>>> print(open('target.txt').read())   # compact mmCIF, C-alpha atoms
# COMPACT_ATOMS: atom_id res chain seq x y z
CA MET U 1083 99.72 122.39 100.81
CA LYS U 1084 101.69 119.46 100.32
CA LEU U 1085 104.53 118.81 102.37
CA ILE U 1086 107.87 119.30 102.50
CA PHE U 1087 110.71 119.97 101.02
CA ALA U 1088 113.74 118.06 101.93
CA GLY U 1089 115.60 121.25 102.74
CA ILE U 1090 113.17 122.29 105.43
CA LEU U 1091 113.07 118.96 107.17
CA ALA U 1092 116.65 117.86 106.83
CA GLY U 1093 117.66 119.99 109.78
CA LEU U 1094 114.71 118.77 111.83
CA MET U 1095 115.22 115.04 111.59
CA ALA U 1096 118.00 114.79 114.13
CA THR U 1097 115.89 116.17 116.99
CA THR U 1098 112.48 114.79 116.01
CA ALA U 1099 112.78 111.27 117.38
CA ALA U 1100 113.76 112.40 120.87
CA LYS U 1101 110.73 114.71 121.21
CA ALA U 1102 107.82 113.13 119.36
CA ASP U 1103 107.21 110.41 116.85
CA GLU U 1104 103.60 111.17 115.98
CA MET U 1105 101.01 113.94 115.85
CA VAL U 1106 97.33 114.38 114.93
CA PHE U 1107 96.12 116.45 111.98
CA THR U 1108 92.43 117.32 111.83
CA SER U 1109 90.64 118.67 108.77
CA TRP U 1110 87.32 118.56 106.91
CA GLY U 1111 87.40 115.06 105.47
CA GLY U 1112 86.62 114.03 101.90
CA THR U 1113 88.76 114.98 98.93
CA THR U 1114 90.31 117.99 100.67
CA GLN U 1115 91.77 115.97 103.52
CA GLU U 1116 92.79 113.22 101.11
CA ALA U 1117 94.80 115.81 99.17
CA GLN U 1118 96.30 117.18 102.38
CA THR U 1119 97.30 113.69 103.44
CA LYS U 1120 99.02 112.91 100.14
CA SER U 1121 100.54 116.36 99.68
CA TRP U 1122 101.65 117.07 103.24
CA ALA U 1123 101.32 114.22 105.71
CA GLU U 1124 102.84 111.37 103.72
CA PRO U 1125 105.91 113.31 102.52
CA PHE U 1126 106.32 114.79 106.01
CA THR U 1127 106.37 111.34 107.59
CA ALA U 1128 108.79 110.07 104.97
CA SER U 1129 111.20 112.95 105.61
CA SER U 1130 110.88 113.34 109.37
CA SER U 1131 109.79 109.89 110.66
CA ILE U 1132 106.94 111.66 112.49
CA LYS U 1133 103.71 109.74 111.92
CA VAL U 1134 100.71 111.93 111.12
CA LEU U 1135 97.45 110.50 112.42
CA GLN U 1136 94.28 111.77 110.72
CA ASP U 1137 91.10 112.91 112.45
CA GLY U 1138 88.05 114.93 111.48
CA PRO U 1139 85.93 116.56 110.49
CA THR U 1140 86.91 119.83 112.14
CA ASP U 1141 84.42 120.61 114.90
CA TYR U 1142 84.76 123.93 116.73
CA GLY U 1143 82.68 122.86 119.72
CA LYS U 1144 84.80 119.75 120.17
CA LEU U 1145 88.00 121.75 119.79
CA LYS U 1146 86.99 124.26 122.45
CA ALA U 1147 85.87 121.48 124.80
CA MET U 1148 89.28 119.81 124.49
CA ILE U 1149 91.06 123.06 125.31
CA ASP U 1150 88.78 123.87 128.24
CA ALA U 1151 89.28 120.35 129.65
CA LYS U 1152 93.04 120.59 129.11
CA ASN U 1153 92.88 117.31 127.22
CA VAL U 1154 93.83 118.31 123.68
CA THR U 1155 94.21 115.38 121.28
CA TRP U 1156 94.58 117.43 118.09
CA ASP U 1157 97.92 119.02 117.19
CA VAL U 1158 97.22 120.86 113.91
CA VAL U 1159 93.69 121.79 112.87
CA ASP U 1160 92.41 123.22 109.59
CA VAL U 1161 89.87 125.95 110.45
CA GLU U 1162 88.14 128.88 108.78
CA MET U 1163 89.98 132.16 109.17
CA ASP U 1164 87.26 134.06 111.03
CA PHE U 1165 87.19 131.30 113.64
CA ALA U 1166 90.98 131.50 113.98
CA ILE U 1167 90.90 135.27 114.54
CA LYS U 1168 88.30 134.94 117.31
CA ALA U 1169 89.96 131.86 118.82
CA ALA U 1170 93.28 133.68 119.08
CA LYS U 1171 91.62 136.59 120.89
CA ASP U 1172 90.03 134.09 123.28
CA GLY U 1173 93.39 132.49 124.06
CA LEU U 1174 92.58 129.14 122.46
CA LEU U 1175 95.61 128.88 120.17
CA GLU U 1176 99.36 128.45 120.50
CA PRO U 1177 101.49 131.15 118.85
CA ILE U 1178 103.19 130.10 115.64
CA ASP U 1179 106.94 129.58 116.02
CA PHE U 1180 108.19 131.52 113.02
CA ALA U 1181 111.72 130.43 113.82
CA VAL U 1182 110.55 127.02 112.58
CA VAL U 1183 107.84 128.05 110.11
CA PRO U 1184 109.30 130.27 107.33
CA LYS U 1185 107.11 133.36 107.01
CA ALA U 1186 108.71 135.50 104.30
CA ASP U 1187 106.88 133.94 101.34
CA LEU U 1188 103.48 133.45 102.98
CA ASP U 1189 100.61 135.64 101.76
CA PRO U 1190 100.23 138.13 104.66
CA ARG U 1191 96.43 138.17 104.21
CA PHE U 1192 96.27 134.63 105.54
CA SER U 1193 98.84 134.58 108.33
CA ASN U 1194 99.04 136.08 111.79
CA GLU U 1195 100.66 135.31 115.12
CA SER U 1196 98.48 132.25 115.72
CA ALA U 1197 97.70 130.92 112.23
CA VAL U 1198 99.25 130.25 108.84
CA GLY U 1199 97.34 129.85 105.61
CA SER U 1200 96.10 126.43 104.61
CA PHE U 1201 94.51 127.30 101.27
CA TYR U 1202 92.61 130.07 99.53
CA TYR U 1203 89.18 129.22 98.18
CA SER U 1204 85.96 130.51 96.66
CA PHE U 1205 82.35 129.66 97.28
CA VAL U 1206 80.82 129.09 93.86
CA LEU U 1207 77.36 128.24 92.52
CA ALA U 1208 77.27 124.61 91.40
CA TRP U 1209 74.47 122.48 90.00
CA ASN U 1210 73.60 119.02 88.79
CA LYS U 1211 73.25 119.38 85.01
CA GLY U 1212 70.93 116.41 84.75
CA SER U 1213 68.48 118.04 87.14
CA VAL U 1214 68.48 121.55 85.68
CA SER U 1215 66.83 122.97 82.59
CA GLY U 1216 68.89 125.97 81.59
CA GLU U 1217 72.01 127.38 83.18
CA PRO U 1218 71.88 129.42 86.39
CA ALA U 1219 74.29 132.33 86.36
CA SER U 1220 74.00 134.12 89.69
CA TRP U 1221 73.10 133.71 93.34
CA ALA U 1222 69.73 135.28 92.52
CA ASP U 1223 68.94 132.11 90.53
CA MET U 1224 69.33 130.08 93.73
CA PHE U 1225 66.29 131.93 95.04
CA ASP U 1226 64.18 131.68 91.88
CA ILE U 1227 62.10 128.58 92.57
CA LYS U 1228 59.83 129.07 89.56
CA LYS U 1229 62.62 129.36 87.01
CA PHE U 1230 64.87 126.78 88.66
CA PRO U 1231 62.84 124.36 90.79
CA GLY U 1232 64.48 121.85 93.12
CA LYS U 1233 66.27 121.65 96.43
CA ARG U 1234 69.09 124.05 97.26
CA THR U 1235 72.02 123.22 99.49
CA PHE U 1236 73.90 125.65 101.71
CA TYR U 1237 76.59 125.44 104.39
CA LYS U 1238 74.72 124.83 107.64
CA TRP U 1239 77.15 126.41 110.08
CA SER U 1240 77.16 130.06 111.09
CA ALA U 1241 80.05 131.25 108.93
CA PRO U 1242 80.81 133.72 106.16
CA GLY U 1243 78.96 132.93 102.94
CA VAL U 1244 75.25 132.23 103.18
CA ILE U 1245 74.24 135.61 104.65
CA GLU U 1246 76.22 137.37 101.93
CA ILE U 1247 74.66 135.18 99.22
CA ALA U 1248 71.16 136.03 100.40
CA LEU U 1249 71.94 139.75 100.38
CA LEU U 1250 73.51 139.59 96.92
CA ALA U 1251 70.48 137.69 95.64
CA ASP U 1252 68.28 140.42 97.09
CA GLY U 1253 70.12 143.10 95.15
CA VAL U 1254 72.63 144.43 97.67
CA PRO U 1255 75.75 145.70 95.84
CA ALA U 1256 78.94 143.83 96.65
CA ASP U 1257 80.60 146.92 98.09
CA LYS U 1258 77.64 147.50 100.44
CA LEU U 1259 77.48 144.07 102.06
CA TYR U 1260 79.05 145.12 105.36
CA PRO U 1261 77.81 145.68 107.97
CA LEU U 1262 75.52 142.75 107.22
CA ASP U 1263 71.79 143.52 107.19
CA LEU U 1264 70.63 140.41 109.01
CA ASP U 1265 66.94 141.31 108.87
CA ARG U 1266 67.09 141.57 105.10
CA ALA U 1267 69.16 138.41 104.72
CA PHE U 1268 66.87 136.23 106.82
CA LYS U 1269 63.79 137.63 105.07
CA LYS U 1270 65.33 136.54 101.75
CA LEU U 1271 66.30 133.12 103.10
CA ASP U 1272 62.74 132.64 104.36
CA THR U 1273 61.56 132.63 100.73
CA ILE U 1274 63.33 129.30 100.05
CA LYS U 1275 63.73 127.86 103.55
CA SER U 1276 61.51 124.82 102.85
CA ASP U 1277 63.68 123.98 99.82
CA ILE U 1278 67.05 124.11 101.62
CA VAL U 1279 69.10 120.99 102.33
CA TRP U 1280 71.99 121.80 104.65
CA TRP U 1281 75.51 120.42 104.33
CA GLY U 1282 77.95 120.33 107.20
CA GLY U 1283 81.13 119.18 105.43
CA GLY U 1284 82.62 119.30 101.96
CA ALA U 1285 82.13 115.61 101.23
CA GLU U 1286 78.42 115.93 102.02
CA SER U 1287 78.09 118.92 99.69
CA GLN U 1288 79.60 116.90 96.85
CA GLN U 1289 77.28 113.97 97.45
CA LEU U 1290 74.17 116.18 97.49
CA ILE U 1291 74.97 117.74 94.12
CA ALA U 1292 76.35 114.61 92.43
CA SER U 1293 73.30 112.56 93.41
CA GLY U 1294 70.85 115.26 92.42
CA GLU U 1295 69.31 115.32 95.89
CA ALA U 1296 70.06 119.04 95.73
CA THR U 1297 69.72 120.72 92.35
CA PHE U 1298 71.87 123.73 93.19
CA GLY U 1299 74.46 124.40 95.82
CA GLN U 1300 76.87 126.77 97.47
CA LEU U 1301 80.10 124.73 97.27
CA TRP U 1302 83.76 125.27 97.88
CA ASN U 1303 85.38 125.49 94.46
CA GLY U 1304 87.75 122.62 95.28
CA ARG U 1305 84.81 120.30 95.86
CA VAL U 1306 83.45 121.14 92.41
CA PHE U 1307 86.94 120.60 90.99
CA ALA U 1308 86.98 117.12 92.54
CA LEU U 1309 83.53 116.28 91.15
CA GLU U 1310 84.63 117.36 87.68
CA LYS U 1311 87.77 115.21 87.92
CA ASP U 1312 85.58 112.24 88.82
CA GLY U 1313 83.42 112.82 85.75
CA ALA U 1314 80.32 114.08 87.56
CA ASP U 1315 77.88 116.01 85.38
CA VAL U 1316 78.09 119.30 87.25
CA GLY U 1317 77.99 122.92 86.21
CA VAL U 1318 79.66 125.86 87.93
CA SER U 1319 79.34 129.63 87.85
CA TRP U 1320 82.19 131.84 89.07
CA ASN U 1321 79.97 134.93 88.93
CA GLN U 1322 80.13 136.70 92.32
CA ASN U 1323 82.42 134.00 93.69
CA LEU U 1324 83.06 134.61 97.37
CA THR U 1325 86.64 134.30 98.52
CA ALA U 1326 88.13 133.42 101.88
CA ALA U 1327 90.82 131.17 103.32
CA ASP U 1328 91.28 128.26 105.65
CA VAL U 1329 94.20 128.45 108.04
CA LEU U 1330 96.18 125.96 110.09
CA VAL U 1331 96.30 126.39 113.86
CA VAL U 1332 97.80 124.63 116.86
CA PRO U 1333 95.32 124.36 119.77
CA LYS U 1334 96.38 125.67 123.16
CA GLY U 1335 97.83 122.76 125.09
CA ALA U 1336 98.60 120.57 122.06
CA LYS U 1337 100.69 117.63 123.23
CA ASN U 1338 103.01 117.54 120.22
CA LYS U 1339 103.63 121.23 119.62
CA ASP U 1340 107.19 120.80 118.31
CA ALA U 1341 106.08 118.27 115.72
CA ALA U 1342 103.12 120.50 114.83
CA MET U 1343 105.36 123.44 114.02
CA LYS U 1344 107.53 121.29 111.78
CA PHE U 1345 104.41 120.03 110.04
CA LEU U 1346 103.28 123.64 109.45
CA ALA U 1347 106.66 124.46 107.92
CA ALA U 1348 106.25 121.61 105.47
CA ALA U 1349 102.58 122.26 104.69
CA THR U 1350 103.18 125.92 103.86
CA SER U 1351 106.37 125.39 101.86
CA PRO U 1352 106.33 126.22 98.12
CA THR U 1353 106.36 122.53 97.22
CA GLY U 1354 103.74 121.56 99.76
CA GLN U 1355 101.43 124.35 98.65
CA ALA U 1356 101.96 123.64 94.95
CA LYS U 1357 101.21 119.94 95.28
CA PHE U 1358 98.09 120.53 97.32
CA ALA U 1359 96.79 123.22 94.96
CA GLU U 1360 97.31 120.92 91.98
CA ALA U 1361 95.44 118.10 93.72
CA SER U 1362 92.60 120.17 95.18
CA GLY U 1363 91.88 123.16 92.93
CA TYR U 1364 92.37 125.55 95.85
CA ALA U 1365 94.85 128.40 95.56
CA PRO U 1366 98.20 128.27 97.40
CA VAL U 1367 99.11 130.71 100.17
CA ASN U 1368 102.86 130.55 99.52
CA THR U 1369 103.74 133.15 96.89
CA LYS U 1370 106.44 130.94 95.37
CA ALA U 1371 104.20 127.91 94.88
CA LYS U 1372 102.79 128.80 91.46
CA ALA U 1373 106.26 128.61 89.95
CA GLU U 1374 106.13 124.86 90.67
CA MET U 1375 102.66 124.33 89.18
CA PRO U 1376 101.48 123.57 85.62
CA ALA U 1377 100.16 126.65 83.82
CA ASP U 1378 96.76 125.08 83.16
CA VAL U 1379 96.26 124.44 86.87
CA VAL U 1380 97.21 128.01 87.76
CA LYS U 1381 94.54 129.25 85.35
CA SER U 1382 91.86 127.20 87.12
CA LEU U 1383 92.43 128.63 90.60
CA PRO U 1384 90.14 131.13 92.38
CA ASP U 1385 92.55 133.99 91.86
CA ALA U 1386 92.16 133.47 88.10
CA HIS U 1387 88.49 134.43 88.47
CA VAL U 1388 88.78 137.94 89.88
CA ASP U 1389 86.12 139.57 87.69
CA GLY U 1390 83.16 140.04 89.99
CA GLN U 1391 84.98 138.31 92.83
CA ILE U 1392 83.93 139.32 96.35
CA ASN U 1393 86.17 139.04 99.39
CA LEU U 1394 84.37 137.88 102.52
CA ASP U 1395 85.22 140.10 105.51
CA MET U 1396 86.85 137.77 108.02
CA ASN U 1397 87.52 140.50 110.58
CA TYR U 1398 83.86 141.54 110.56
CA TRP U 1399 82.80 137.94 111.12
CA ALA U 1400 85.33 137.42 113.88
CA GLU U 1401 83.97 140.46 115.71
CA HIS U 1402 80.31 139.52 115.25
CA ARG U 1403 80.59 135.73 115.10
CA ASP U 1404 78.75 134.96 118.34
CA GLU U 1405 75.81 137.32 117.82
CA ILE U 1406 75.29 136.11 114.24
CA ALA U 1407 75.50 132.50 115.39
CA THR U 1408 72.82 133.00 118.02
CA ARG U 1409 70.38 134.33 115.46
CA TRP U 1410 71.45 131.85 112.77
CA TYR U 1411 70.82 128.69 114.79
CA ALA U 1412 67.58 130.06 116.23
CA TRP U 1413 66.34 130.72 112.69
CA GLN U 1414 67.37 127.27 111.50
CA ALA U 1415 65.49 125.65 114.36
CA LYS U 1416 62.19 127.39 113.59
>>> encode(input="target.txt", output="structure tokens")
Amino acid sequence: MKLIFAGILAGLMATTAAKADEMVFTSWGGTTQEAQTKSWAEPFTASSSIKVLQDGPTDYGKLKAMIDAKNVTWDVVDVEMDFAIKAAKDGLLEPIDFAVVPKADLDPRFSNESAVGSFYYSFVLAWNKGSVSGEPASWADMFDIKKFPGKRTFYKWSAPGVIEIALLADGVPADKLYPLDLDRAFKKLDTIKSDIVWWGGGAESQQLIASGEATFGQLWNGRVFALEKDGADVGVSWNQNLTAADVLVVPKGAKNKDAAMKFLAAATSPTGQAKFAEASGYAPVNTKAKAEMPADVVKSLPDAHVDGQINLDMNYWAEHRDEIATRWYAWQAK
């Protein structure tokens, strides 16, 4: 995701000023949003004269409250794909204007009538090397307190990832994960509950591992990539990496919908996607983007680690999101 190519926006510039001169982009903060700003927002503003204001982190409760109150202050929001699927069914999103947003080269796995891919990522096992004796190699090691003592950090929200990790650690084969056995997953999580430190955003996950406050963690691969670039002493295992995607959506009632669609066109262009992937370590969703990327960067992306890779089932989560969330937050609160 990085914005724009002059060709896409050249035809937009003449009409932009009359309709809108700014919009709000909301994402997850930290290094990911920094890369989105540099790769998409800044070039987009330079080419279109539309100012992109930044907000975040993404908060689903806040987003829904805005829409319900008909006072939407966000124009484009980076969300997880299972949320987008459910939100579209609930009528919370504007349809994508594919007359403005070129669709032909977008990976069809990550696009639908109400969303276009933002980036493709993996959850990986990361650890602070200075706090670990030995080298963990699987999610099962996250649950082995005797062999690998220390705090563990997981994503605190009810979302694809942690339930699957618990089941894999308990010996469930990857091709038997769904439907999720919640009883088994929570029983496994109970074994380390007192050692869990929860993270709610990517920047927090990086800080927990880099500082050693958490010895091990479930992190987005791009956050580990950023730590490595900054020289942090972190280790990473791609074994059983769990793949999914973030997508970009326009909330129902967005005030600057025309500008939002132009921003989406830029963000999902080959150049925009290539620049963002190079800066973040996340894989592009435009199939032509890799042709614009250095070979060594392409080799470091999640889709270069397909051995043992597990695709999280976004449609399953979209269908069962509410019931899993009810149990998830009740368990956390105990």
>>> residues_around(input="target.txt", residues="Ala1365 of chain U", least_positions_apart="3", cutoff="10 Å", atoms="only C-alpha atoms", output="count of residues only")
25
>>> closest_residue(input="target.txt", among="U:Glu1104, U:Asp1257, U:Asp1160, U:Asp1328", to="Pro1242 of chain U", atoms="only C-alpha atoms")
U:Asp1328
>>> closest_residue(input="target.txt", among="U:Leu1207, U:Leu1259, U:Leu1145, U:Ala1349", to="Ile1245 of chain U", atoms="only C-alpha atoms")
U:Leu1259
>>> atom_distance(input="target.txt", atom1="atom CA of Glu1295 of chain U", atom2="atom CA of Thr1119 of chain U")
29.0 Å
>>> residues_around(input="target.txt", residues="Lys1337 of chain U", least_positions_apart="2", cutoff="12 Å", atoms="only C-alpha atoms", output="ChimeraX atom specification")
/U:1101-1106,1148-1149,1152-1158,1176,1332-1335,1339-1343
>>> closest_residue(input="target.txt", among="U:Ala1347, U:Ala1169, U:Ile1278, U:Ala1219", to="Val1182 of chain U", atoms="only C-alpha atoms")
U:Ala1347
>>> closest_residue(input="target.txt", among="U:Arg1191, U:Arg1266, U:Lys1146, U:Lys1211", to="Glu1310 of chain U", atoms="all atoms listed in the file")
U:Lys1211
